[in-house]
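K.L.:
Pasting target_5.txt here (compact mmCIF, C-alpha atoms):
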# COMPACT_ATOMS: atom_id res chain seq x y z
CA MET A 94 -21.33 22.22 -85.02
CA PRO A 95 -23.36 19.86 -82.90
CA LYS A 96 -25.14 21.22 -79.91
CA VAL A 97 -23.66 20.22 -76.59
CA LYS A 98 -26.37 18.37 -74.81
CA VAL A 99 -26.67 18.96 -71.12
CA LYS A 100 -27.27 15.67 -69.48
CA ARG A 101 -30.52 15.76 -67.60
CA THR A 102 -30.50 13.72 -64.44
CA ASN A 103 -33.67 12.52 -62.91
CA PRO A 104 -34.28 14.59 -59.77
CA SER A 105 -36.27 11.93 -57.99
CA LEU A 106 -33.98 9.56 -56.14
CA ASP A 107 -34.55 6.25 -54.50
CA MET A 108 -35.31 6.91 -50.88
CA THR A 109 -35.76 3.32 -49.78
CA PRO A 110 -32.36 2.90 -48.06
CA MET A 111 -32.83 6.20 -46.30
CA VAL A 112 -36.21 5.16 -44.99
CA ASP A 113 -34.74 1.84 -43.91
CA LEU A 114 -32.06 3.60 -41.96
CA PHE A 115 -34.47 6.03 -40.37
CA PHE A 116 -36.78 3.31 -39.19
CA LEU A 117 -33.87 1.38 -37.81
CA LEU A 118 -32.90 4.42 -35.77
CA VAL A 119 -36.49 5.01 -34.67
CA THR A 120 -36.74 1.44 -33.47
CA PHE A 121 -33.42 1.72 -31.68
CA PHE A 122 -34.34 4.88 -29.84
CA MET A 123 -37.79 3.59 -28.99
CA LEU A 124 -36.39 0.47 -27.41
CA THR A 125 -33.57 2.13 -25.55
CA ALA A 126 -35.56 5.13 -24.42
CA THR A 127 -36.47 5.52 -20.83
CA ALA A 128 -38.52 8.64 -20.61
CA ARG A 129 -36.81 11.31 -18.59
CA PRO A 130 -38.55 11.53 -15.24
CA ASP A 131 -39.64 15.04 -14.42
CA GLU A 132 -37.61 16.13 -11.47
CA ALA A 133 -39.04 18.40 -8.85
CA VAL A 134 -35.93 20.53 -8.92
CA ILE A 135 -32.96 20.98 -11.18
CA VAL A 136 -29.59 20.43 -9.63
CA ASP A 137 -26.18 20.95 -11.12
CA THR A 138 -24.11 18.07 -9.83
CA PRO A 139 -20.35 18.38 -9.41
CA SER A 140 -18.16 16.33 -11.69
CA SER A 141 -15.82 13.51 -10.82
CA ALA A 142 -13.58 11.04 -12.58
CA SER A 143 -15.43 8.12 -11.05
CA GLU A 144 -16.62 5.56 -13.55
CA ILE A 145 -19.18 3.66 -11.56
CA LYS A 146 -22.68 3.80 -12.98
CA ILE A 147 -25.72 4.04 -10.81
CA PRO A 148 -28.04 1.01 -11.06
CA ASP A 149 -31.34 1.41 -12.91
CA THR A 150 -33.65 0.11 -10.26
CA ASN A 151 -33.91 0.05 -6.49
CA VAL A 152 -32.39 3.45 -5.95
CA ILE A 153 -33.34 6.04 -3.38
CA THR A 154 -32.33 9.43 -4.68
CA ILE A 155 -31.94 12.13 -2.09
CA THR A 156 -31.72 15.38 -3.96
CA VAL A 157 -30.35 18.44 -2.24
CA ASP A 158 -30.69 21.68 -4.14
CA LYS A 159 -28.65 24.82 -3.73
CA ASN A 160 -31.13 26.35 -1.32
CA ASP A 161 -30.56 23.37 0.98
CA ARG A 162 -33.95 21.87 0.34
CA VAL A 163 -34.07 18.11 0.51
CA PHE A 164 -36.12 15.99 -1.86
CA PHE A 165 -36.77 12.31 -1.63
CA GLY A 166 -37.38 9.92 -4.47
CA VAL A 167 -37.50 6.20 -4.91
CA ASP A 168 -38.33 4.06 -7.91
CA GLY A 169 -40.92 1.33 -8.17
CA GLN A 170 -44.65 2.06 -7.98
CA GLN A 171 -45.29 -0.90 -5.70
CA THR A 172 -42.60 0.23 -3.30
CA LYS A 173 -43.99 3.73 -3.19
CA GLU A 174 -47.54 2.62 -2.44
CA VAL A 175 -46.44 0.39 0.41
CA LEU A 176 -44.09 3.09 1.64
CA LEU A 177 -46.87 5.67 1.71
CA ASP A 178 -49.07 3.33 3.74
CA LYS A 179 -46.32 2.85 6.28
CA ILE A 180 -45.64 6.54 6.58
CA ALA A 181 -49.38 7.21 6.81
CA GLY A 182 -49.62 4.75 9.65
CA LYS A 183 -46.68 6.29 11.46
CA TYR A 184 -47.82 9.87 11.15
CA GLY A 185 -51.53 9.17 11.47
CA VAL A 186 -52.49 10.61 8.08
CA GLY A 187 -54.96 8.80 5.89
CA PHE A 188 -54.53 8.70 2.15
CA THR A 189 -57.19 7.83 -0.37
CA ALA A 190 -56.63 5.34 -3.16
CA GLU A 191 -56.37 8.20 -5.61
CA GLU A 192 -53.69 9.93 -3.59
CA ARG A 193 -51.74 6.72 -3.32
CA LYS A 194 -51.92 6.37 -7.06
CA THR A 195 -50.68 9.91 -7.54
CA PHE A 196 -47.88 9.33 -5.07
CA SER A 197 -46.77 6.16 -6.80
CA LEU A 198 -46.27 8.14 -10.00
CA LEU A 199 -44.20 10.92 -8.45
CA SER A 200 -40.51 10.69 -9.16
CA ASN A 201 -39.55 12.79 -6.19
CA PHE A 202 -41.03 15.26 -3.80
CA GLY A 203 -39.98 17.69 -1.13
CA VAL A 204 -42.84 18.42 1.23
CA PRO A 205 -43.32 17.52 4.88
CA VAL A 206 -45.74 14.70 5.60
CA SER A 207 -48.27 17.18 7.02
CA GLN A 208 -48.45 18.94 3.64
CA LEU A 209 -48.27 15.81 1.56
CA LYS A 210 -52.02 15.32 1.37
CA SER A 211 -52.70 18.75 -0.09
CA PHE A 212 -49.68 18.40 -2.33
CA LEU A 213 -51.04 15.17 -3.78
CA ALA A 214 -54.47 16.70 -4.25
CA MET A 215 -53.09 19.32 -6.64
CA GLU A 216 -53.29 19.14 -10.38
CA SER A 217 -50.09 17.80 -11.86
CA ASN A 218 -49.35 21.15 -13.49
CA ALA A 219 -49.92 23.06 -10.28
CA ARG A 220 -47.63 20.63 -8.51
CA LYS A 221 -44.79 21.63 -10.80
CA GLU A 222 -45.36 25.29 -10.11
CA VAL A 223 -45.60 25.10 -6.36
CA ASN A 224 -42.54 25.87 -4.30
CA GLN A 225 -41.78 22.77 -2.30
CA PRO A 226 -40.23 23.54 1.08
CA GLY A 227 -38.14 20.39 1.26
CA ILE A 228 -38.33 17.45 3.62
CA PRO A 229 -37.56 18.37 7.25
CA ILE A 230 -34.17 17.07 8.33
CA ASP A 231 -33.69 18.75 11.70
CA SER A 232 -33.41 16.49 14.70
CA THR A 233 -36.83 17.34 16.10
CA ARG A 234 -38.67 16.57 12.89
CA ASN A 235 -36.45 14.08 11.17
CA GLU A 236 -38.82 12.97 8.43
CA LEU A 237 -36.10 12.10 5.96
CA GLY A 238 -34.85 9.43 8.34
CA ASP A 239 -38.30 7.88 8.47
CA TRP A 240 -38.67 7.88 4.71
CA VAL A 241 -35.30 6.21 4.29
CA LEU A 242 -35.89 3.68 7.04
CA GLN A 243 -39.37 2.73 5.83
CA THR A 244 -38.15 2.42 2.24
CA ARG A 245 -35.39 0.11 3.32
CA LEU A 246 -37.87 -1.98 5.28
CA THR A 247 -40.14 -2.13 2.25
CA ASN A 248 -37.41 -2.92 -0.23
CA PRO A 249 -34.20 -4.15 1.41
CA GLN A 250 -32.25 -4.04 -1.85
CA VAL A 251 -32.25 -0.30 -2.27
CA VAL A 252 -29.04 1.62 -2.63
CA ILE A 253 -28.96 5.22 -1.57
CA ALA A 254 -27.70 7.96 -3.80
CA ILE A 255 -27.21 11.57 -2.83
CA LYS A 256 -27.59 14.06 -5.62
CA GLY A 257 -26.36 17.37 -4.38
CA ASP A 258 -25.94 20.67 -6.11
CA GLN A 259 -22.44 22.10 -6.39
CA ASP A 260 -23.33 25.05 -4.21
CA THR A 261 -25.09 23.15 -1.48
CA SER A 262 -23.48 24.10 1.78
CA TYR A 263 -21.58 21.33 3.46
CA PRO A 264 -23.50 21.26 6.78
CA THR A 265 -26.68 20.26 4.92
CA ILE A 266 -24.95 17.39 3.18
CA LYS A 267 -23.34 16.48 6.47
CA ARG A 268 -26.74 16.42 8.13
CA VAL A 269 -28.13 14.15 5.40
CA MET A 270 -25.16 11.83 5.78
CA ASP A 271 -25.60 11.82 9.55
CA ILE A 272 -29.26 10.88 9.17
CA LEU A 273 -28.25 8.00 6.93
CA GLN A 274 -25.68 6.86 9.44
CA GLU A 275 -28.22 7.04 12.23
CA LYS A 276 -30.23 4.61 10.16
CA LYS A 277 -27.19 2.38 9.84
CA VAL A 278 -26.42 3.23 6.25
CA ASP A 279 -22.66 3.54 5.99
CA ARG A 280 -22.35 3.09 2.27
CA PHE A 281 -23.95 5.36 -0.22
CA ASN A 282 -23.37 6.94 -3.57
CA LEU A 283 -22.82 10.50 -4.60
CA ILE A 284 -24.19 11.25 -8.03
CA THR A 285 -21.75 13.24 -10.13
CA ASP A 286 -21.21 14.29 -13.69
CA MET A 287 -18.59 12.74 -15.85
CA GLU A 288 -15.11 14.14 -15.99
CA VAL A 289 -12.10 12.87 -17.86
CA LYS A 290 -9.75 11.04 -15.60
CA PRO A 291 -6.28 12.55 -15.78
CA THR A 292 -3.73 10.04 -16.93
CA ASN A 293 -0.52 11.68 -15.86
CA LEU A 294 -0.03 12.28 -12.22
CA MET B 192 -62.56 -21.60 -69.56
CA GLN B 193 -63.36 -18.48 -67.71
CA GLN B 194 -65.74 -16.13 -69.15
CA GLN B 195 -64.77 -12.64 -69.78
CA ALA B 196 -66.84 -10.29 -67.71
CA ASP B 197 -66.89 -7.52 -70.20
CA SER B 198 -66.61 -8.49 -73.70
CA GLY B 199 -67.03 -5.10 -75.21
CA LYS B 200 -63.79 -5.28 -77.00
CA GLY B 201 -62.53 -8.43 -78.33
CA GLY B 202 -58.93 -7.68 -77.48
CA LYS B 203 -56.96 -8.92 -74.50
CA LYS B 204 -57.79 -7.15 -71.30
CA ARG B 205 -54.68 -5.38 -70.22
CA ALA B 206 -54.12 -4.66 -66.56
CA LYS B 207 -53.29 -1.07 -66.05
CA ARG B 208 -49.64 -0.91 -65.14
CA GLN B 209 -49.04 1.33 -62.23
CA SER B 210 -45.69 2.70 -61.40
CA THR B 211 -44.20 0.85 -58.43
CA LYS B 212 -42.50 3.99 -57.22
CA ILE B 213 -44.28 5.89 -54.54
CA ASP B 214 -43.36 9.21 -53.12
CA MET B 215 -41.55 8.44 -49.91
CA THR B 216 -40.95 11.99 -48.77
CA PRO B 217 -43.79 12.09 -46.18
CA LEU B 218 -42.60 8.79 -44.82
CA VAL B 219 -39.10 10.13 -44.41
CA ASP B 220 -40.46 13.26 -42.78
CA LEU B 221 -42.34 11.23 -40.25
CA ALA B 222 -39.42 8.96 -39.52
CA ALA B 223 -37.10 11.90 -39.02
CA LEU B 224 -39.61 13.51 -36.70
CA LEU B 225 -39.81 10.38 -34.60
CA ILE B 226 -36.04 10.07 -34.47
CA THR B 227 -35.74 13.63 -33.27
CA PHE B 228 -38.38 13.09 -30.64
CA PHE B 229 -36.83 9.95 -29.25
CA MET B 230 -33.34 11.35 -29.35
CA LEU B 231 -34.36 14.35 -27.32
CA THR B 232 -36.39 12.47 -24.75
CA THR B 233 -33.83 9.76 -24.17
CA THR B 234 -31.58 10.04 -21.18
CA PHE B 235 -28.68 8.45 -22.82
CA ASN B 236 -25.92 8.16 -20.32
CA LYS B 237 -26.68 7.25 -16.81
CA PRO B 238 -25.21 9.57 -14.22
CA GLN B 239 -21.90 8.68 -12.74
CA THR B 240 -21.68 7.92 -9.11
CA MET B 241 -19.08 7.84 -6.44
CA GLU B 242 -19.20 5.26 -3.77
CA ILE B 243 -18.39 6.42 -0.32
CA ASN B 244 -18.07 4.39 2.82
CA MET B 245 -18.43 6.29 6.02
CA PRO B 246 -16.61 5.03 9.07
CA LYS B 247 -18.89 3.26 11.51
CA LYS B 248 -20.04 5.37 14.39
CA VAL B 249 -18.19 4.12 17.43
CA ASP B 250 -19.93 3.84 20.75
CA ASN B 251 -16.90 3.91 23.01
CA PRO B 252 -14.07 6.14 21.83
CA GLU B 253 -11.61 4.74 24.39
CA GLU B 254 -11.19 1.58 22.37
CA GLN B 255 -9.92 3.43 19.37
CA ILE B 256 -6.24 3.56 18.68
CA ALA B 257 -4.80 7.01 18.48
CA LEU B 258 -3.26 8.02 15.19
CA LYS B 259 0.44 8.67 15.24
CA ALA B 260 1.44 12.17 14.28
CA SER B 261 3.82 10.95 11.61
CA ASN B 262 0.99 9.11 9.86
CA ALA B 263 -1.52 11.88 9.85
CA MET B 264 -2.36 14.38 7.21
CA THR B 265 -5.31 16.70 7.44
CA ILE B 266 -7.00 18.53 4.61
CA LEU B 267 -9.24 21.41 5.58
CA LEU B 268 -11.84 22.65 3.13
CA GLY B 269 -12.61 26.30 3.59
CA GLU B 270 -14.91 28.85 2.06
CA ASP B 271 -14.52 30.28 -1.46
CA ASP B 272 -13.00 27.01 -2.65
CA LYS B 273 -9.97 27.42 -0.43
CA LEU B 274 -8.05 24.44 0.78
CA TYR B 275 -5.48 24.02 3.55
CA TYR B 276 -3.50 21.03 4.63
CA TYR B 277 -1.05 20.10 7.32
CA PHE B 278 0.88 17.06 8.42
CA GLY B 279 0.77 15.75 11.93
CA LEU B 280 -1.68 16.55 14.66
CA ALA B 281 -3.30 19.85 15.44
CA GLU B 282 -1.94 19.81 19.03
CA ASP B 283 1.65 20.09 17.80
CA ASN B 284 0.92 23.36 16.06
CA PRO B 285 1.97 22.21 12.58
CA GLU B 286 2.51 24.49 9.65
CA VAL B 287 -0.70 25.01 7.68
CA ILE B 288 -0.19 25.32 3.95
CA GLU B 289 -2.73 26.75 1.58
CA SER B 290 -3.40 24.85 -1.61
CA ASN B 291 -6.09 24.50 -4.26
CA TYR B 292 -8.04 21.91 -6.22
CA SER B 293 -6.09 22.23 -9.45
CA PRO B 294 -3.89 19.37 -10.66
CA GLY B 295 -0.84 21.28 -9.46
CA GLY B 296 -2.33 21.83 -6.03
CA ILE B 297 -3.40 19.16 -3.60
CA ARG B 298 -2.84 16.37 -6.12
CA LYS B 299 0.89 17.09 -6.13
CA VAL B 300 0.92 16.81 -2.37
CA LEU B 301 -1.01 13.56 -2.40
CA VAL B 302 1.41 11.93 -4.83
CA SER B 303 4.48 13.32 -3.09
CA PRO B 304 6.75 10.76 -1.38
CA GLN B 305 5.71 11.99 2.03
CA VAL B 306 2.24 10.59 1.44
CA LYS B 307 2.80 7.89 -1.16
CA SER B 308 5.74 6.10 0.43
CA ASN B 309 4.05 5.87 3.80
CA ASP B 310 1.56 3.03 3.79
CA LYS B 311 0.11 4.03 7.10
CA MET B 312 -0.50 7.63 6.09
CA THR B 313 -4.10 8.50 6.81
CA VAL B 314 -5.67 11.49 5.18
CA MET B 315 -8.40 13.19 7.15
CA VAL B 316 -10.77 15.41 5.24
CA LYS B 317 -12.36 18.06 7.39
CA PRO B 318 -14.81 20.29 5.57
CA MET B 319 -15.55 23.52 7.37
CA GLU B 320 -19.09 24.83 7.63
CA GLU B 321 -18.48 27.38 4.91
CA SER B 322 -17.36 24.88 2.32
CA ARG B 323 -19.72 23.70 -0.33
CA TYR B 324 -20.64 20.27 -1.56
CA LYS B 325 -18.54 20.59 -4.70
CA ASN B 326 -15.42 20.89 -2.56
CA VAL B 327 -16.15 17.61 -0.83
CA VAL B 328 -16.73 15.80 -4.09
CA ASP B 329 -13.61 17.36 -5.57
CA ILE B 330 -11.39 16.27 -2.74
CA LEU B 331 -12.85 12.77 -2.70
CA ASP B 332 -12.20 12.68 -6.40
CA GLU B 333 -8.59 13.76 -5.92
CA LEU B 334 -8.12 11.02 -3.34
CA LYS B 335 -9.51 8.52 -5.78
CA ILE B 336 -7.37 9.78 -8.64
CA THR B 337 -4.23 9.62 -6.54
CA ASP B 338 -5.28 6.18 -5.30
CA THR B 339 -5.06 7.14 -1.66
CA LYS B 340 -6.57 4.25 0.23
CA ARG B 341 -6.63 5.44 3.78
CA PHE B 342 -8.79 8.46 4.20
CA ALA B 343 -11.72 9.49 6.30
CA MET B 344 -14.24 12.28 6.48
CA VAL B 345 -13.96 13.82 9.89
CA ASP B 346 -15.84 16.65 11.56
CA ILE B 347 -13.97 19.89 11.89
CA ALA B 348 -12.47 20.52 15.31
CA GLU B 349 -12.04 23.84 17.04
CA SER B 350 -8.27 23.32 17.07
CA ASP B 351 -8.24 23.08 13.28
CA LYS B 352 -10.19 26.28 12.89
CA LYS B 353 -7.81 28.04 15.24
CA LEU B 354 -4.80 26.80 13.32
CA VAL B 355 -6.12 28.20 10.07
CA GLN B 356 -7.09 31.46 11.68
CA GLU B 357 -3.74 31.94 13.31
CA GLN B 358 -1.58 31.01 10.39
CA ILE B 359 -3.55 32.07 7.34
CA GLY B 360 -5.43 34.92 8.94
CA ASN B 361 -9.06 36.02 8.70
Show the structure stored in the file as structure tokens.
P.N.:
Amino acid sequence: MPKVKVKRTNPSLDMTPMVDLFFLLVTFFMLTATARPDEAVIVDTPSSASEIKIPDTNVITITVDKNDRVFFGVDGQQTKEVLLDKIAGKYGVGFTAEERKTFSLLSNFGVPVSQLKSFLAMESNARKEVNQPGIPIDSTRNELGDWVLQTRLTNPQVVIAIKGDQDTSYPTIKRVMDILQEKKVDRFNLITDMEVKPTNL
Amino acid sequence: MQQQADSGKGGKKRAKRQSTKIDMTPLVDLAALLITFFMLTTTFNKPQTMEINMPKKVDNPEEQIALKASNAMTILLGEDDKLYYYFGLAEDNPEVIESNYSPGGIRKVLVSPQVKSNDKMTVMVKPMEESRYKNVVDILDELKITDTKRFAMVDIAESDKKLVQEQIGN
């Protein structure tokens, strides 16, 4: 009786297509990636069925967290440097070249102008740890209005987006909207999460 | 004729044949690592946004045309995700009805003939101080879903608060 021969398969396989595929994916992700900007605060936005996307550039993001703190952010390093100069001139605070550089790299911040200098002087790790009080929005110290106005003067193309937390109380949002309207901004965007639009009404 | 460099052996010099196969496992490891890294750092979908147009602030209120009671609907956003609505004007002491944000709640009202068949029907959204931001976005979303064109965000009036307090209680 002849022995049944177990067929031995070669365990090493050709990995070339796999490598090809992997590098294709790596290239794809590298080209499409825009590094996630580190936000000063995490907000949980409400969801909506709206399908409009926010533009990539020229956006002012006003973040309102659930403790009613207001953060301001704008894109474009050039814009931010010019903006800081204007604010510095208005509030009579001088900023060094290094501080301007630091400011131009911040994605958003939530400190009053009076504390901005010491905030910029911090190490970047310490800046993440520190508890930012938020930008003053009350009518006596309406700094948010100045930031928005000066940004719009610097870059007239900006659109304004409000990114509020679900649990933000309405009066705060109302106050932010009022400030925008005082500055003659009647159209703005509310950033929301995606939600499936119901088809049957 | 080229001279042979080493002529130790008379035979033909044979190039050492190397296997063309290399071990690609480290390469694959690296590629997979990079993929993972880029996948995790990428913000893939841009956030959605809702466009909102606020009515222009008017300087002289006398020039505005008063809204007819038959064309008015008011939605009040209360605390704890509560929602009330009434038709007509607050002066006429209308019936305040409690509703909610579910598909069977305010959406049903907004698609009902009373609202849909009246082109001039204006929906006023009045968030109370206790309401939260999510409520505002939700109601704006409902208005968008039901394709209600005429709506406005209005400040809450004392008369509205009184209506709710009288009819709903606490």
K.L.:
Residues of chain B that approach chain A to 7 Å or less, counting only C-alpha atoms: could you list each one with the shortest pair of atoms and its distance in Å to one decimal, rows by chain and increasing residue number, as a Markdown table?
P.N.:
| residue | atom | partner | partner_atom | distance |
| --- | --- | --- | --- | --- |
| B:Met215 | CA | A:Met108 | CA | 6.5 |
| B:Val219 | CA | A:Val112 | CA | 5.8 |
| B:Ala222 | CA | A:Phe115 | CA | 5.8 |
| B:Ala223 | CA | A:Phe115 | CA | 6.6 |
| B:Leu225 | CA | A:Val119 | CA | 6.3 |
| B:Ile226 | CA | A:Val119 | CA | 5.1 |
| B:Phe229 | CA | A:Phe122 | CA | 5.7 |
| B:Met230 | CA | A:Phe122 | CA | 6.6 |
| B:Thr232 | CA | A:Ala128 | CA | 6.0 |
| B:Thr233 | CA | A:Ala126 | CA | 4.9 |
| B:Thr234 | CA | A:Arg129 | CA | 6.0 |
| B:Lys237 | CA | A:Lys146 | CA | 6.5 |
| B:Pro238 | CA | A:Asp286 | CA | 6.2 |
| B:Gln239 | CA | A:Lys146 | CA | 4.9 |
| B:Thr240 | CA | A:Ile284 | CA | 4.3 |
| B:Met241 | CA | A:Leu283 | CA | 4.9 |
| B:Glu242 | CA | A:Asn282 | CA | 4.5 |
| B:Ile243 | CA | A:Phe281 | CA | 5.7 |
| B:Asn244 | CA | A:Arg280 | CA | 4.5 |
| B:Met245 | CA | A:Asp279 | CA | 5.0 |
| B:Pro246 | CA | A:Asp279 | CA | 7.0 |
| B:Lys247 | CA | A:Asp279 | CA | 6.7 |
| B:Glu320 | CA | A:Pro264 | CA | 5.7 |
| B:Glu321 | CA | A:Ser262 | CA | 6.7 |
| B:Ser322 | CA | A:Tyr263 | CA | 5.6 |
| B:Arg323 | CA | A:Ser262 | CA | 4.3 |
| B:Tyr324 | CA | A:Tyr263 | CA | 5.2 |
| B:Lys325 | CA | A:Gln259 | CA | 4.5 |
| B:Val328 | CA | A:Pro139 | CA | 6.9 |
| B:Asp329 | CA | A:Ser141 | CA | 6.9 |
| B:Asp332 | CA | A:Ser141 | CA | 5.8 |
K.L.:
Please produce a file of the residues just selected, as a short mmCIF file (atom, residue, chain, number, x, y, z; two decimals), in the frame of the given file, where the atoms kept are C-alpha atoms.
P.N.:
data_model
loop_
_atom_site.label_atom_id
_atom_site.label_comp_id
_atom_site.auth_asym_id
_atom_site.auth_seq_id
_atom_site.Cartn_x
_atom_site.Cartn_y
_atom_site.Cartn_z
CA MET B 215 -41.55 8.44 -49.91
CA VAL B 219 -39.10 10.13 -44.41
CA ALA B 222 -39.42 8.96 -39.52
CA ALA B 223 -37.10 11.90 -39.02
CA LEU B 225 -39.81 10.38 -34.60
CA ILE B 226 -36.04 10.07 -34.47
CA PHE B 229 -36.83 9.95 -29.25
CA MET B 230 -33.34 11.35 -29.35
CA THR B 232 -36.39 12.47 -24.75
CA THR B 233 -33.83 9.76 -24.17
CA THR B 234 -31.58 10.04 -21.18
CA LYS B 237 -26.68 7.25 -16.81
CA PRO B 238 -25.21 9.57 -14.22
CA GLN B 239 -21.90 8.68 -12.74
CA THR B 240 -21.68 7.92 -9.11
CA MET B 241 -19.08 7.84 -6.44
CA GLU B 242 -19.20 5.26 -3.77
CA ILE B 243 -18.39 6.42 -0.32
CA ASN B 244 -18.07 4.39 2.82
CA MET B 245 -18.43 6.29 6.02
CA PRO B 246 -16.61 5.03 9.07
CA LYS B 247 -18.89 3.26 11.51
CA GLU B 320 -19.09 24.83 7.63
CA GLU B 321 -18.48 27.38 4.91
CA SER B 322 -17.36 24.88 2.32
CA ARG B 323 -19.72 23.70 -0.33
CA TYR B 324 -20.64 20.27 -1.56
CA LYS B 325 -18.54 20.59 -4.70
CA VAL B 328 -16.73 15.80 -4.09
CA ASP B 329 -13.61 17.36 -5.57
CA ASP B 332 -12.20 12.68 -6.40
#
K.L.:
Using all atoms listed in the file, determine which residues lie at most 10 Å from Arg298 of chain B, disregarding the query and same-chain residues fewer than 5 positions distant; provide the list as an mmCIF file with C-alpha atoms, in the coordinates of the input.
P.N.:
data_model
loop_
_atom_site.group_PDB
_atom_site.id
_atom_site.type_symbol
_atom_site.label_atom_id
_atom_site.label_comp_id
_atom_site.auth_asym_id
_atom_site.auth_seq_id
_atom_site.Cartn_x
_atom_site.Cartn_y
_atom_site.Cartn_z
ATOM 1 C CA LEU A 294 -0.030 12.280 -12.220
ATOM 2 C CA SER B 290 -3.400 24.850 -1.610
ATOM 3 C CA ASN B 291 -6.090 24.500 -4.260
ATOM 4 C CA TYR B 292 -8.040 21.910 -6.220
ATOM 5 C CA SER B 293 -6.090 22.230 -9.450
ATOM 6 C CA SER B 303 4.480 13.320 -3.090
ATOM 7 C CA ILE B 330 -11.390 16.270 -2.740
ATOM 8 C CA GLU B 333 -8.590 13.760 -5.920
ATOM 9 C CA LEU B 334 -8.120 11.020 -3.340
ATOM 10 C CA ILE B 336 -7.370 9.780 -8.640
ATOM 11 C CA THR B 337 -4.230 9.620 -6.540
#
K.L.:
Can you list, as a ChimeraX atom specification, every protein, DNA or RNA residue that comes within 12 Å of Ala257 of chain B when you count all atoms listed in the file, leaving out same-chain residues fewer than 6 positions away?
P.N.:
/B:263,280,313
K.L.:
Point out the residue among B:Gln305, B:Thr339, B:Thr227, B:Thr216 with the least atom-to-atom distance to Asn262 of chain B, counting only C-alpha atoms.
P.N.:
B:Gln305
K.L.:
At what distance in Å, to one decimal, does atom CA of Val163 of chain A lie from atom CA of Gly187 of chain A?
P.N.:
23.5 Å
K.L.:
At a cut-off of 12 Å from (-7.5, 26.4, 12.5) in the coordinates of the file, what residues are picked up using only C-alpha atoms, written as a compact mmCIF listing (two decimals) with C-alpha atoms, keeping the file's coordinate frame?
P.N.:
# COMPACT_ATOMS: atom_id res chain seq x y z
CA THR B 265 -5.31 16.70 7.44
CA ILE B 266 -7.00 18.53 4.61
CA LEU B 267 -9.24 21.41 5.58
CA LEU B 268 -11.84 22.65 3.13
CA GLY B 269 -12.61 26.30 3.59
CA LEU B 274 -8.05 24.44 0.78
CA TYR B 275 -5.48 24.02 3.55
CA TYR B 276 -3.50 21.03 4.63
CA TYR B 277 -1.05 20.10 7.32
CA LEU B 280 -1.68 16.55 14.66
CA ALA B 281 -3.30 19.85 15.44
CA GLU B 282 -1.94 19.81 19.03
CA ASN B 284 0.92 23.36 16.06
CA PRO B 285 1.97 22.21 12.58
CA GLU B 286 2.51 24.49 9.65
CA VAL B 287 -0.70 25.01 7.68
CA ILE B 288 -0.19 25.32 3.95
CA GLU B 289 -2.73 26.75 1.58
CA LYS B 317 -12.36 18.06 7.39
CA PRO B 318 -14.81 20.29 5.57
CA MET B 319 -15.55 23.52 7.37
CA ILE B 347 -13.97 19.89 11.89
CA ALA B 348 -12.47 20.52 15.31
CA GLU B 349 -12.04 23.84 17.04
CA SER B 350 -8.27 23.32 17.07
CA ASP B 351 -8.24 23.08 13.28
CA LYS B 352 -10.19 26.28 12.89
CA LYS B 353 -7.81 28.04 15.24
CA LEU B 354 -4.80 26.80 13.32
CA VAL B 355 -6.12 28.20 10.07
CA GLN B 356 -7.09 31.46 11.68
CA GLU B 357 -3.74 31.94 13.31
CA GLN B 358 -1.58 31.01 10.39
CA ILE B 359 -3.55 32.07 7.34
CA GLY B 360 -5.43 34.92 8.94
CA ASN B 361 -9.06 36.02 8.70
K.L.:
I'd like the interatomic distance between atom CA of Ile155 of chain A and atom CA of Lys273 of chain B, to a tenth of an Å.
P.N.:
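These atoms are spaced 26.8 Å apart.
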K.L.:
In Å, how far is it from atom CA of Pro226 of chain A to atom CA of Asp346 of chain B?
P.N.:
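Computed distance, atom CA of Pro226 of chain A to atom CA of Asp346 of chain B, equals 27.4 Å.
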K.L.:
Could you give me, as a count of residues only, the residues within 10 Å of Leu198 of chain A, counting all atoms listed in the file and dropping anything in the same chain fewer than 6 positions from it?
P.N.:
7
K.L.:
Please determine, counting all atoms listed in the file, which residue among B:Arg341, B:Lys259, B:Lys335, B:Lys212 has the shortest atom-to-atom distance to Phe278 of chain B.
P.N.:
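The shortest atom-to-atom distance to Phe278 of chain B comes from B:Lys259.
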K.L.:
Find the residues around Gly227 of chain A up to 8 Å (only C-alpha atoms counted), leave out those fewer than 4 positions away in its own chain, and share them as a list in words.
P.N.:
Arg162, Val163, Phe164, Phe202, Gly203, Val204 and Pro205 of chain A
K.L.:
For Thr189 of chain A, please output as a list in words all residues within 12 Å (counting only C-alpha atoms; exclusion window: fewer than 6 positions along the same chain).
P.N.:
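Those residues are Glu174, Leu177, Asp178, Ala181, Thr195, Phe196, Lys210, Ser211, Leu213 and Ala214 of chain A.
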K.L.:
Would you compute the box with edges along x, y and z of the file around segment 205-223 of chain B, including every atom the file lists for it and 3 Å extra on each side, and give its centre and edge lengths in Å to one decimal, as lines of an AutoDock Vina configuration file?
P.N.:
center_x = -45.9
center_y = 3.9
center_z = -54.6
size_x = 23.6
size_y = 24.6
size_z = 37.2
